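Visitor: This is upload24.cif (mmCIF, C-alpha atoms).
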```cif
data_upload
loop_
_atom_site.group_PDB
_atom_site.id
_atom_site.type_symbol
_atom_site.label_atom_id
_atom_site.label_comp_id
_atom_site.auth_asym_id
_atom_site.auth_seq_id
_atom_site.Cartn_x
_atom_site.Cartn_y
_atom_site.Cartn_z
ATOM 1 C CA MET A 1 -110.361 -90.247 32.911
ATOM 2 C CA ASP A 2 -113.209 -88.190 34.247
ATOM 3 C CA GLY A 3 -116.578 -89.136 32.852
ATOM 4 C CA ASP A 4 -120.255 -88.533 32.784
ATOM 5 C CA GLY A 5 -121.221 -92.002 33.945
ATOM 6 C CA ILE A 6 -119.933 -94.786 36.153
ATOM 7 C CA GLU A 7 -118.995 -98.060 34.453
ATOM 8 C CA LEU A 8 -120.204 -101.029 36.465
ATOM 9 C CA PRO A 9 -119.204 -104.620 35.665
ATOM 10 C CA PHE A 10 -121.858 -106.739 33.904
ATOM 11 C CA ILE A 11 -124.418 -103.902 34.113
ATOM 12 C CA GLY A 12 -123.088 -101.246 31.770
ATOM 13 C CA THR A 13 -122.779 -97.524 32.232
ATOM 14 C CA LEU A 14 -124.737 -95.817 34.967
ATOM 15 C CA HIS A 15 -125.446 -92.281 33.769
ATOM 16 C CA LEU A 16 -125.254 -89.623 36.452
ATOM 17 C CA PRO A 17 -128.200 -87.201 36.801
ATOM 18 C CA GLU A 18 -127.957 -83.759 35.225
ATOM 19 C CA LEU A 19 -128.115 -80.951 37.753
ATOM 20 C CA PRO A 20 -128.690 -77.273 36.889
ATOM 21 C CA THR A 21 -125.978 -74.657 36.458
ATOM 22 C CA VAL A 22 -125.843 -72.356 39.491
ATOM 23 C CA PHE A 23 -123.911 -69.062 39.236
ATOM 24 C CA GLY A 24 -122.071 -70.407 36.204
ATOM 25 C CA ILE A 25 -120.894 -73.606 37.925
ATOM 26 C CA ASP A 26 -122.235 -76.837 36.463
ATOM 27 C CA LEU A 27 -123.384 -78.957 39.387
ATOM 28 C CA THR A 28 -123.753 -82.360 37.658
ATOM 29 C CA PRO A 29 -121.721 -84.973 39.543
ATOM 30 C CA THR A 30 -118.960 -86.695 37.578
ATOM 31 C CA LYS A 31 -117.273 -90.040 38.182
ATOM 32 C CA HIS A 32 -114.464 -88.489 40.218
ATOM 33 C CA ILE A 33 -116.928 -86.642 42.448
ATOM 34 C CA VAL A 34 -118.925 -89.809 43.181
ATOM 35 C CA PHE A 35 -115.725 -91.665 44.079
ATOM 36 C CA MET A 36 -114.609 -88.778 46.274
ATOM 37 C CA TRP A 37 -117.845 -89.143 48.223
ATOM 38 C CA ILE A 38 -117.390 -92.911 48.456
ATOM 39 C CA VAL A 39 -113.830 -92.540 49.770
ATOM 40 C CA ALA A 40 -114.845 -89.806 52.222
ATOM 41 C CA LEU A 41 -117.594 -92.065 53.555
ATOM 42 C CA LEU A 42 -115.128 -94.971 53.779
ATOM 43 C CA VAL A 43 -112.587 -92.890 55.716
ATOM 44 C CA PHE A 44 -115.321 -91.617 58.043
ATOM 45 C CA ILE A 45 -116.718 -95.089 58.746
ATOM 46 C CA THR A 46 -113.236 -96.597 59.258
ATOM 47 C CA PHE A 47 -112.161 -93.979 61.748
ATOM 48 C CA TYR A 48 -115.528 -93.965 63.503
ATOM 49 C CA PHE A 49 -115.032 -97.631 64.329
ATOM 50 C CA ILE A 50 -111.380 -97.088 65.252
ATOM 51 C CA ALA A 51 -112.298 -94.297 67.668
ATOM 52 C CA LYS A 52 -115.070 -96.427 69.153
ATOM 53 C CA GLY A 53 -112.557 -99.215 69.729
ATOM 54 C CA TYR A 54 -110.302 -96.863 71.674
ATOM 55 C CA LYS A 55 -113.120 -95.896 74.031
ATOM 56 C CA LYS A 56 -113.145 -99.360 75.577
ATOM 57 C CA SER A 57 -109.426 -99.851 76.173
ATOM 58 C CA VAL A 58 -106.121 -98.193 75.329
ATOM 59 C CA ILE A 59 -104.809 -101.440 73.840
ATOM 60 C CA PRO A 60 -106.377 -101.626 70.384
ATOM 61 C CA LYS A 61 -108.046 -104.703 68.987
ATOM 62 C CA ARG A 62 -108.242 -105.494 65.289
ATOM 63 C CA LEU A 63 -108.985 -102.541 62.993
ATOM 64 C CA ALA A 64 -107.499 -100.010 65.381
ATOM 65 C CA ASN A 65 -104.417 -102.199 65.732
ATOM 66 C CA PHE A 66 -103.821 -102.116 62.004
ATOM 67 C CA PHE A 67 -104.314 -98.385 61.617
ATOM 68 C CA GLU A 68 -102.368 -97.550 64.753
ATOM 69 C CA VAL A 69 -99.181 -98.283 62.800
ATOM 70 C CA PHE A 70 -100.019 -95.513 60.316
ATOM 71 C CA ILE A 71 -101.323 -93.093 62.920
ATOM 72 C CA ILE A 72 -98.204 -93.461 65.091
ATOM 73 C CA PHE A 73 -96.108 -93.088 61.941
ATOM 74 C CA VAL A 74 -97.786 -89.783 61.044
ATOM 75 C CA ARG A 75 -97.454 -88.522 64.602
ATOM 76 C CA ASP A 76 -93.847 -89.542 65.283
ATOM 77 C CA GLU A 77 -92.190 -89.215 61.889
ATOM 78 C CA ILE A 78 -94.158 -86.391 60.261
ATOM 79 C CA ALA A 79 -95.819 -84.179 62.873
ATOM 80 C CA GLU A 80 -93.399 -84.162 65.768
ATOM 81 C CA PRO A 81 -90.044 -83.589 64.017
ATOM 82 C CA THR A 82 -91.362 -80.741 61.884
ATOM 83 C CA LEU A 83 -93.831 -79.015 64.199
ATOM 84 C CA GLY A 84 -92.128 -79.354 67.573
ATOM 85 C CA LYS A 85 -94.371 -78.646 70.551
ATOM 86 C CA ALA A 86 -97.347 -77.359 68.536
ATOM 87 C CA TYR A 87 -97.971 -80.660 66.785
ATOM 88 C CA LYS A 88 -101.204 -81.411 68.655
ATOM 89 C CA THR A 89 -103.019 -78.507 66.968
ATOM 90 C CA PHE A 90 -102.199 -79.686 63.474
ATOM 91 C CA LEU A 91 -102.251 -83.466 63.952
ATOM 92 C CA PRO A 92 -105.960 -83.943 63.009
ATOM 93 C CA PHE A 93 -105.436 -81.987 59.784
ATOM 94 C CA LEU A 94 -102.326 -84.008 58.867
ATOM 95 C CA LEU A 95 -104.006 -87.325 59.655
ATOM 96 C CA THR A 96 -107.059 -86.398 57.570
ATOM 97 C CA MET A 97 -104.907 -85.361 54.603
ATOM 98 C CA PHE A 98 -102.779 -88.506 54.829
ATOM 99 C CA PHE A 99 -105.645 -90.984 55.000
ATOM 100 C CA PHE A 100 -107.844 -89.198 52.443
ATOM 101 C CA ILE A 101 -105.035 -89.135 49.871
ATOM 102 C CA LEU A 102 -103.940 -92.695 50.767
ATOM 103 C CA PHE A 103 -107.443 -94.153 50.419
ATOM 104 C CA GLY A 104 -108.001 -92.131 47.236
ATOM 105 C CA ASN A 105 -104.750 -93.325 45.656
ATOM 106 C CA PHE A 106 -105.485 -96.936 46.523
ATOM 107 C CA MET A 107 -109.065 -96.669 45.279
ATOM 108 C CA GLY A 108 -107.687 -95.879 41.837
ATOM 109 C CA LEU A 109 -105.937 -99.240 41.703
ATOM 110 C CA LEU A 110 -109.148 -101.254 41.930
ATOM 111 C CA PRO A 111 -110.848 -102.220 38.664
ATOM 112 C CA PHE A 112 -113.921 -100.263 37.556
ATOM 113 C CA SER A 113 -113.087 -97.310 39.798
ATOM 114 C CA ALA A 114 -111.542 -93.870 39.344
ATOM 115 C CA THR A 115 -108.541 -92.096 40.835
ATOM 116 C CA PHE A 116 -109.844 -88.760 41.939
ATOM 117 C CA THR A 117 -106.361 -87.644 43.012
ATOM 118 C CA SER A 118 -105.428 -87.719 39.340
ATOM 119 C CA ASN A 119 -107.768 -84.774 38.783
ATOM 120 C CA ILE A 120 -105.955 -81.426 38.896
ATOM 121 C CA ALA A 121 -109.015 -79.761 40.438
ATOM 122 C CA VAL A 122 -108.963 -82.138 43.425
ATOM 123 C CA THR A 123 -105.227 -81.835 44.068
ATOM 124 C CA ALA A 124 -105.406 -78.057 43.635
ATOM 125 C CA THR A 125 -108.162 -77.957 46.261
ATOM 126 C CA LEU A 126 -106.091 -80.045 48.678
ATOM 127 C CA ALA A 127 -103.120 -77.723 48.075
ATOM 128 C CA ILE A 128 -105.300 -74.645 48.665
ATOM 129 C CA ILE A 129 -106.463 -76.166 51.960
ATOM 130 C CA SER A 130 -102.802 -76.692 52.922
ATOM 131 C CA PHE A 131 -102.040 -73.105 51.879
ATOM 132 C CA PHE A 132 -104.731 -71.759 54.202
ATOM 133 C CA MET A 133 -103.514 -73.979 57.043
ATOM 134 C CA ILE A 134 -99.963 -72.651 56.549
ATOM 135 C CA GLN A 135 -101.039 -69.002 56.561
ATOM 136 C CA ILE A 136 -103.500 -69.365 59.445
ATOM 137 C CA GLY A 137 -100.972 -71.343 61.500
ATOM 138 C CA GLY A 138 -98.258 -68.769 60.874
ATOM 139 C CA ILE A 139 -100.485 -65.759 61.548
ATOM 140 C CA LYS A 140 -101.943 -67.274 64.723
ATOM 141 C CA HIS A 141 -98.537 -68.016 66.219
ATOM 142 C CA ASN A 142 -96.648 -64.936 65.092
ATOM 143 C CA GLY A 143 -99.265 -62.209 64.758
ATOM 144 C CA PHE A 144 -100.381 -60.782 61.422
ATOM 145 C CA PHE A 145 -97.474 -58.376 60.775
ATOM 146 C CA GLY A 146 -94.987 -60.524 62.676
ATOM 147 C CA TYR A 147 -95.578 -63.394 60.270
ATOM 148 C CA PHE A 148 -94.982 -61.344 57.136
ATOM 149 C CA LYS A 149 -92.007 -59.613 58.712
ATOM 150 C CA GLY A 150 -90.566 -62.980 59.643
ATOM 151 C CA LEU A 151 -90.638 -64.126 56.022
ATOM 152 C CA ILE A 152 -87.490 -62.091 55.330
ATOM 153 C CA PRO A 153 -84.451 -63.897 56.735
ATOM 154 C CA HIS A 154 -82.394 -62.377 59.520
ATOM 155 C CA GLY A 155 -79.498 -60.037 58.895
ATOM 156 C CA MET A 156 -80.378 -59.159 55.318
ATOM 157 C CA PRO A 157 -78.766 -55.950 53.964
ATOM 158 C CA MET A 158 -81.296 -53.198 53.219
ATOM 159 C CA TRP A 159 -80.651 -52.929 49.508
ATOM 160 C CA LEU A 160 -81.684 -56.572 48.978
ATOM 161 C CA LEU A 161 -85.203 -55.966 50.356
ATOM 162 C CA PRO A 162 -86.904 -54.908 47.057
ATOM 163 C CA LEU A 163 -85.711 -58.243 45.642
ATOM 164 C CA MET A 164 -86.435 -60.425 48.671
ATOM 165 C CA ILE A 165 -90.031 -59.283 49.285
ATOM 166 C CA PRO A 166 -91.458 -60.379 45.882
ATOM 167 C CA VAL A 167 -89.359 -63.557 45.997
ATOM 168 C CA GLU A 168 -90.687 -64.527 49.423
ATOM 169 C CA ILE A 169 -94.303 -63.690 48.505
ATOM 170 C CA LEU A 170 -93.964 -65.725 45.320
ATOM 171 C CA GLY A 171 -92.462 -68.533 47.397
ATOM 172 C CA LEU A 172 -95.629 -68.589 49.494
ATOM 173 C CA PHE A 173 -97.604 -69.529 46.389
ATOM 174 C CA THR A 174 -95.199 -71.811 44.535
ATOM 175 C CA LYS A 175 -94.897 -74.317 47.370
ATOM 176 C CA PRO A 176 -98.587 -75.395 47.456
ATOM 177 C CA PHE A 177 -98.611 -75.240 43.642
ATOM 178 C CA ALA A 178 -95.761 -77.756 43.572
ATOM 179 C CA LEU A 179 -97.678 -79.962 46.046
ATOM 180 C CA ALA A 180 -100.710 -80.015 43.748
ATOM 181 C CA ILE A 181 -98.731 -80.704 40.566
ATOM 182 C CA ARG A 182 -96.602 -83.415 42.215
ATOM 183 C CA LEU A 183 -99.597 -85.468 43.388
ATOM 184 C CA PHE A 184 -101.550 -84.954 40.148
ATOM 185 C CA ALA A 185 -98.652 -85.832 37.845
ATOM 186 C CA ASN A 186 -97.573 -88.896 39.847
ATOM 187 C CA MET A 187 -101.080 -90.349 39.844
ATOM 188 C CA ILE A 188 -101.847 -89.657 36.213
ATOM 189 C CA ALA A 189 -98.434 -90.786 34.947
ATOM 190 C CA GLY A 190 -98.911 -94.295 36.363
ATOM 191 C CA HIS A 191 -102.304 -94.662 34.714
ATOM 192 C CA ILE A 192 -101.117 -93.280 31.380
ATOM 193 C CA VAL A 193 -98.185 -95.725 31.269
ATOM 194 C CA ILE A 194 -100.481 -98.683 31.965
ATOM 195 C CA LEU A 195 -102.969 -97.492 29.323
ATOM 196 C CA ALA A 196 -100.153 -97.032 26.808
ATOM 197 C CA LEU A 197 -98.731 -100.501 27.448
ATOM 198 C CA ILE A 198 -102.112 -102.218 27.125
ATOM 199 C CA GLY A 199 -103.008 -100.056 24.137
ATOM 200 C CA LEU A 200 -99.844 -101.306 22.460
ATOM 201 C CA ILE A 201 -101.639 -104.651 21.951
ATOM 202 C CA PHE A 202 -104.405 -102.915 20.002
ATOM 203 C CA PHE A 203 -101.987 -100.666 18.159
ATOM 204 C CA MET A 204 -99.825 -103.544 16.936
ATOM 205 C CA ALA A 205 -103.024 -105.533 16.172
ATOM 206 C CA THR A 206 -101.368 -108.878 17.008
ATOM 207 C CA PRO A 207 -101.999 -111.037 20.088
ATOM 208 C CA TYR A 208 -98.315 -112.027 20.286
ATOM 209 C CA VAL A 209 -97.374 -108.715 21.910
ATOM 210 C CA ALA A 210 -99.755 -109.512 24.799
ATOM 211 C CA PRO A 211 -97.417 -111.488 27.167
ATOM 212 C CA VAL A 212 -94.682 -108.834 27.122
ATOM 213 C CA SER A 213 -97.179 -105.997 27.329
ATOM 214 C CA ILE A 214 -99.090 -107.481 30.238
ATOM 215 C CA ALA A 215 -95.882 -108.404 32.097
ATOM 216 C CA PHE A 216 -94.693 -104.798 31.919
ATOM 217 C CA ALA A 217 -98.151 -103.555 32.905
ATOM 218 C CA VAL A 218 -98.149 -105.781 36.012
ATOM 219 C CA PHE A 219 -94.724 -104.438 36.973
ATOM 220 C CA ILE A 220 -95.896 -100.842 36.580
ATOM 221 C CA TYR A 221 -99.007 -101.707 38.611
ATOM 222 C CA LEU A 222 -96.837 -102.909 41.522
ATOM 223 C CA LEU A 223 -94.765 -99.739 41.224
ATOM 224 C CA GLU A 224 -97.988 -97.736 41.388
ATOM 225 C CA ILE A 225 -98.857 -99.271 44.762
ATOM 226 C CA LEU A 226 -95.507 -98.020 46.080
ATOM 227 C CA VAL A 227 -96.042 -94.601 44.479
ATOM 228 C CA ALA A 228 -99.534 -94.322 46.034
ATOM 229 C CA LEU A 229 -98.063 -94.799 49.524
ATOM 230 C CA ILE A 230 -95.085 -92.538 48.914
ATOM 231 C CA GLN A 231 -97.120 -89.677 47.431
ATOM 232 C CA ALA A 232 -99.555 -89.632 50.364
ATOM 233 C CA TYR A 233 -96.540 -89.539 52.709
ATOM 234 C CA ILE A 234 -94.779 -86.786 50.729
ATOM 235 C CA PHE A 235 -97.879 -84.565 50.535
ATOM 236 C CA THR A 236 -98.432 -84.807 54.284
ATOM 237 C CA MET A 237 -94.727 -84.435 55.099
ATOM 238 C CA LEU A 238 -94.302 -81.324 52.959
ATOM 239 C CA SER A 239 -97.528 -79.742 54.282
ATOM 240 C CA SER A 240 -96.301 -80.333 57.821
ATOM 241 C CA LEU A 241 -92.832 -78.997 56.949
ATOM 242 C CA PHE A 242 -94.292 -75.781 55.502
ATOM 243 C CA ILE A 243 -96.579 -75.327 58.523
ATOM 244 C CA GLY A 244 -93.572 -75.861 60.798
ATOM 245 C CA MET A 245 -91.558 -73.283 58.838
ATOM 246 C CA ALA A 246 -94.422 -70.779 59.127
ATOM 247 C CA VAL A 247 -95.025 -71.359 62.834
ATOM 248 C CA HIS A 248 -91.390 -71.415 63.997
ATOM 249 C CA GLN A 249 -89.929 -68.703 61.837
ATOM 250 C CA GLU A 250 -86.399 -68.669 63.239
ATOM 251 C CA HIS A 251 -84.286 -70.060 60.429
ATOM 252 C CA MET B 1 -96.416 -81.824 10.130
ATOM 253 C CA ASP B 2 -96.776 -80.554 13.677
ATOM 254 C CA LEU B 3 -93.761 -79.359 15.622
ATOM 255 C CA ALA B 4 -95.630 -79.527 18.945
ATOM 256 C CA TRP B 5 -95.550 -83.328 18.903
ATOM 257 C CA LEU B 6 -91.841 -83.359 18.141
ATOM 258 C CA ALA B 7 -91.238 -80.887 20.950
ATOM 259 C CA ALA B 8 -93.267 -83.012 23.364
ATOM 260 C CA GLY B 9 -91.298 -86.121 22.457
ATOM 261 C CA ILE B 10 -87.868 -84.502 22.755
ATOM 262 C CA GLY B 11 -88.938 -82.774 25.961
ATOM 263 C CA ALA B 12 -90.113 -86.013 27.547
ATOM 264 C CA GLY B 13 -86.794 -87.673 26.710
ATOM 265 C CA LEU B 14 -84.775 -84.846 28.247
ATOM 266 C CA VAL B 15 -86.984 -84.873 31.352
ATOM 267 C CA VAL B 16 -86.359 -88.583 31.840
ATOM 268 C CA ILE B 17 -82.587 -88.094 31.428
ATOM 269 C CA GLY B 18 -82.560 -85.312 34.026
ATOM 270 C CA GLY B 19 -84.662 -87.219 36.548
ATOM 271 C CA GLY B 20 -82.750 -90.444 36.046
ATOM 272 C CA LEU B 21 -79.355 -88.774 36.548
ATOM 273 C CA GLY B 22 -80.499 -86.937 39.652
ATOM 274 C CA ILE B 23 -82.069 -89.944 41.340
ATOM 275 C CA GLY B 24 -79.150 -92.168 40.299
ATOM 276 C CA LYS B 25 -76.657 -89.866 41.978
ATOM 277 C CA LEU B 26 -78.882 -89.758 45.071
ATOM 278 C CA ALA B 27 -79.177 -93.545 45.259
ATOM 279 C CA SER B 28 -75.415 -93.942 44.770
ATOM 280 C CA SER B 29 -74.522 -91.713 47.717
ATOM 281 C CA ALA B 30 -77.237 -93.360 49.838
ATOM 282 C CA MET B 31 -75.683 -96.782 49.131
ATOM 283 C CA ASP B 32 -72.207 -95.461 49.986
ATOM 284 C CA ALA B 33 -73.439 -94.014 53.264
ATOM 285 C CA SER B 34 -75.351 -97.182 54.180
ATOM 286 C CA GLY B 35 -72.278 -99.305 53.507
ATOM 287 C CA ARG B 36 -70.130 -97.023 55.593
ATOM 288 C CA GLN B 37 -72.493 -97.081 58.597
ATOM 289 C CA PRO B 38 -75.085 -99.887 58.518
ATOM 290 C CA GLU B 39 -76.804 -98.728 61.751
ATOM 291 C CA ALA B 40 -77.973 -95.528 60.065
ATOM 292 C CA ALA B 41 -79.484 -97.412 57.099
ATOM 293 C CA GLY B 42 -83.088 -96.795 58.251
ATOM 294 C CA ALA B 43 -82.727 -93.029 58.547
ATOM 295 C CA ILE B 44 -80.792 -92.850 55.281
ATOM 296 C CA ARG B 45 -83.522 -94.835 53.535
ATOM 297 C CA THR B 46 -86.230 -92.439 54.771
ATOM 298 C CA SER B 47 -84.309 -89.352 53.624
ATOM 299 C CA MET B 48 -83.563 -91.025 50.301
ATOM 300 C CA ILE B 49 -87.270 -91.666 49.665
ATOM 301 C CA ILE B 50 -88.147 -88.037 50.454
ATOM 302 C CA ALA B 51 -85.400 -86.639 48.222
ATOM 303 C CA ALA B 52 -86.307 -89.049 45.406
ATOM 304 C CA ALA B 53 -89.955 -87.938 45.543
ATOM 305 C CA LEU B 54 -88.922 -84.272 45.377
ATOM 306 C CA ILE B 55 -86.622 -84.833 42.391
ATOM 307 C CA GLU B 56 -89.368 -86.844 40.712
ATOM 308 C CA GLY B 57 -91.736 -83.925 41.384
ATOM 309 C CA MET B 58 -89.405 -81.656 39.413
ATOM 310 C CA SER B 59 -89.319 -84.068 36.488
ATOM 311 C CA PHE B 60 -93.094 -84.243 36.561
ATOM 312 C CA PHE B 61 -93.284 -80.464 36.019
ATOM 313 C CA GLY B 62 -91.547 -81.032 32.692
ATOM 314 C CA LEU B 63 -93.822 -83.974 31.969
ATOM 315 C CA VAL B 64 -96.948 -81.860 32.509
ATOM 316 C CA ILE B 65 -95.660 -79.253 30.034
ATOM 317 C CA CYS B 66 -94.967 -82.025 27.508
ATOM 318 C CA ILE B 67 -98.503 -83.353 27.960
ATOM 319 C CA LEU B 68 -99.883 -79.848 27.431
ATOM 320 C CA LEU B 69 -97.871 -79.551 24.217
ATOM 321 C CA ALA B 70 -98.969 -82.954 22.945
ATOM 322 C CA LEU B 71 -102.627 -82.221 23.685
ATOM 323 C CA LYS B 72 -102.485 -78.841 21.978
ATOM 324 C CA ALA B 73 -101.553 -80.403 18.659
#
```
Output the file's structure in the form of structure tokens.

Guide:
Amino acid sequence: MDGDGIELPFIGTLHLPELPTVFGIDLTPTKHIVFMWIVALLVFITFYFIAKGYKKSVIPKRLANFFEVFIIFVRDEIAEPTLGKAYKTFLPFLLTMFFFILFGNFMGLLPFSATFTSNIAVTATLAIISFFMIQIGGIKHNGFFGYFKGLIPHGMPMWLLPLMIPVEILGLFTKPFALAIRLFANMIAGHIVILALIGLIFFMATPYVAPVSIAFAVFIYLLEILVALIQAYIFTMLSSLFIGMAVHQEH
Amino acid sequence: MDLAWLAAGIGAGLVVIGGGLGIGKLASSAMDASGRQPEAAGAIRTSMIIAAALIEGMSFFGLVICILLALKA
């Protein structure tokens, strides 16, 4: 999965340079980190050209026309129903999350590349970013103590409070944790199934298993394209839902 | 003889049964609702995809624990 070098076709393995250990953190780049940079650069370049296209006219041309479908989808189906009037503040964050995870998931389907969203460290970081957006959004709109007071639902009898307070505080942490695990497990499960199916040819040591094995692997590959799209949508939708629940705290 | 591998195998099977039953029930009621009111099919399809991804997320929790068990052995 993660590795010390990048495998290039017809050239061999490109070994990544060793960097020193600073404050106990090893800084050498791994394959997932290099692909994260590549995808970040790709997203930046794509949206730079889309934004430049919008400067000339409101009616988009070619690249902007294609991505406008996704951008309008994120704004009208994800941001506006869950966030209400405050969706403009959070729309850039949601769009960035959606396209970063989408491009990252699709990058993993190309040969000789890596899926960095199948790394638990990357998905945990994305979930931590969502966690901070939820807390900051809630605290900004409701005040510091108002936000934590609003976590407890209305009309709760007093004797239930010692139970509800730890449950609600734990709930603050389990929701981003579930986001991280969902994206990580979905991405890595697809790759493991494909590896297992292809490895079945080597395990059985006969070439007659190959047609069945490869047919199943192609089917799982097509399913993975669907899962890549759906997981990017679910991550963004749930982040936006949690931000909406923190900002508008009336149940 | 390592019981962790056996536990991982049995666990993975149970996880698949749970996920399959849950998503099957969801798909069945989505089909019923779409047949009853074909104009709402788009909205029902969107909600079905969201609910299916959440149920699948739960089954992946179990899968991650099974992977941890299998890697420990």

Visitor: Translate the PyMOL selection byres ((chain B) within 7 of (chain A)) into a concrete residue list for this structure, as a list in words.

Guide: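 For this structure, the PyMOL selection byres ((chain B) within 7 of (chain A)) captures Ile50, Gly57, Phe60 and Val64 of chain B.
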
Visitor: Taking into account all atoms listed in the file, which residue in the set A:Val22, A:Ile50, A:Leu83, A:Ala215 is nearest to Arg62 of chain A?

Guide: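 Selected residue with least distance to Arg62 of chain A: A:Ile50.
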
Visitor: What separation in Å, quoted to one decimal, exists between atom CA of Ala124 of chain A and atom CA of Pro176 of chain A?

Guide: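 Spanning atom CA of Ala124 of chain A to atom CA of Pro176 of chain A is a straight-line distance of 8.3 Å.
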
Visitor: What gap, in Å, lies between atom CA of Lys175 of chain A and atom CA of Phe242 of chain A?

Guide: 8.3 Å

Visitor: Distance atom CA of Leu19 of chain A-atom CA of Ser113 of chain A, one decimal place?

Guide: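 Atom CA of Ser113 of chain A lies 22.3 Å from atom CA of Leu19 of chain A.
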
Visitor: Let me have the centre and edge lengths in Å, one decimal, of the box along x, y and z around every listed atom of segment 1-16 of chain B with 8 Å of margin on each side, as JSON.

Guide:
```
{"center_x": -90.8, "center_y": -84.0, "center_z": 21.0, "size_x": 28.0, "size_y": 25.2, "size_z": 37.7}
```

Visitor: Residues at most 9 Å from Leu69 of chain B, counting all atoms listed in the file, excluding those fewer than 5 positions away in the same chain, as a ChimeraX atom specification?

Guide: /B:4-5,7-8,64

Visitor: To test your reading of the syntax: which residues would the PyMOL selection byres ((chain B and resi 11) around 10) return for the file shown? Reply as a PyMOL selection string.

Guide: chain B and resi 5-10+12-17+62-63+65-67+69

Visitor: Might you spell out which residues the PyMOL selection byres ((chain A and resi 46) around 12) would select in the displayed file, as a ChimeraX atom specification?

Guide: /A:39-45,47-53,62-64,66-67,99-100,103

Visitor: For the point (-85.3, -85.0, 39.1) in file coordinates, what residues are within 9 Å, counting all atoms listed in the file? Give the answer as a VMD selection string?

Guide: chain B and resid 15 to 23 52 to 60

Visitor: Using only C-alpha atoms, which protein or nucleic acid residues come within 10 Å of Ala210 of chain A? Drop anything in the same chain fewer than 4 positions from it, and give the result as JSON, numbers by chain.

Guide: {"A": [197, 198, 200, 201, 202, 204, 206, 214, 215, 216]}

Visitor: Please return as a list in words every residue within 12 Å of (-75.1, -94.1, 51.9), taking into account all atoms listed in the file and the file's own coordinates.

Guide: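 Residues found, by chain and rising number: Lys25, Leu26, Ala27, Ser28, Ser29, Ala30, Met31, Asp32, Ala33, Ser34, Gly35, Arg36, Gln37, Pro38, Glu39, Ala40, Ala41, Gly42, Ala43, Ile44, Arg45, Thr46, Ser47 and Met48 of chain B.
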
Visitor: Might you pull out every residue within 9 Å of Ala114 of chain A, with only C-alpha atoms counted and same-chain residues fewer than 4 positions away left off, and present them as JSON, numbers by chain?

Guide: {"A": [1, 2, 31, 32, 35, 104, 107, 108, 109, 110, 118]}

Visitor: Applying 9 Å and only C-alpha atoms, which residues near Ser130 of chain A remain after dropping the ones on its own chain fewer than 3 positions away? List them as a list of chain:residue names.

Guide: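 Here the qualifying residues turn out to be A:Thr125, A:Leu126, A:Ala127, A:Met133, A:Ile134, A:Gln135, A:Pro176, A:Ser239, A:Ser240, A:Phe242, A:Ile243.
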
Visitor: Filtering to C-alpha atoms, could you give me those residues as a PDB file, keeping the file's coordinate frame?

Guide:
```pdb
ATOM      1  CA  THR A 125    -108.162 -77.957  46.261  1.00  0.00           C
ATOM      2  CA  LEU A 126    -106.091 -80.045  48.678  1.00  0.00           C
ATOM      3  CA  ALA A 127    -103.120 -77.723  48.075  1.00  0.00           C
ATOM      4  CA  MET A 133    -103.514 -73.979  57.043  1.00  0.00           C
ATOM      5  CA  ILE A 134     -99.963 -72.651  56.549  1.00  0.00           C
ATOM      6  CA  GLN A 135    -101.039 -69.002  56.561  1.00  0.00           C
ATOM      7  CA  PRO A 176     -98.587 -75.395  47.456  1.00  0.00           C
ATOM      8  CA  SER A 239     -97.528 -79.742  54.282  1.00  0.00           C
ATOM      9  CA  SER A 240     -96.301 -80.333  57.821  1.00  0.00           C
ATOM     10  CA  PHE A 242     -94.292 -75.781  55.502  1.00  0.00           C
ATOM     11  CA  ILE A 243     -96.579 -75.327  58.523  1.00  0.00           C
TER      12      ILE A 243
END
```

Visitor: Export N, CA and C atoms of segment 3-11 of chain B from the structure just given, as a short mmCIF file (atom, residue, chain, number, x, y, z; two decimals), in the first residue's frame?

Guide:
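The result, written out as out-v3.cif:
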```cif
data_model
loop_
_atom_site.label_atom_id
_atom_site.label_comp_id
_atom_site.auth_asym_id
_atom_site.auth_seq_id
_atom_site.Cartn_x
_atom_site.Cartn_y
_atom_site.Cartn_z
N LEU B 3 -6.22 -18.84 16.98
CA LEU B 3 -7.66 -18.56 17.03
C LEU B 3 -7.99 -17.20 16.44
N ALA B 4 -6.98 -16.29 16.33
CA ALA B 4 -7.29 -14.96 15.81
C ALA B 4 -7.75 -15.04 14.37
N TRP B 5 -7.13 -15.94 13.57
CA TRP B 5 -7.56 -16.06 12.18
C TRP B 5 -8.97 -16.58 12.08
N LEU B 6 -9.30 -17.57 12.93
CA LEU B 6 -10.65 -18.12 12.92
C LEU B 6 -11.65 -17.04 13.30
N ALA B 7 -11.29 -16.25 14.32
CA ALA B 7 -12.18 -15.18 14.75
C ALA B 7 -12.38 -14.16 13.64
N ALA B 8 -11.30 -13.82 12.92
CA ALA B 8 -11.41 -12.86 11.84
C ALA B 8 -12.33 -13.38 10.75
N GLY B 9 -12.20 -14.68 10.42
CA GLY B 9 -13.03 -15.23 9.37
C GLY B 9 -14.50 -15.24 9.74
N ILE B 10 -14.80 -15.75 10.98
CA ILE B 10 -16.20 -15.80 11.40
C ILE B 10 -16.77 -14.40 11.52
N GLY B 11 -15.94 -13.47 12.03
CA GLY B 11 -16.40 -12.09 12.17
C GLY B 11 -16.74 -11.47 10.83
#
```
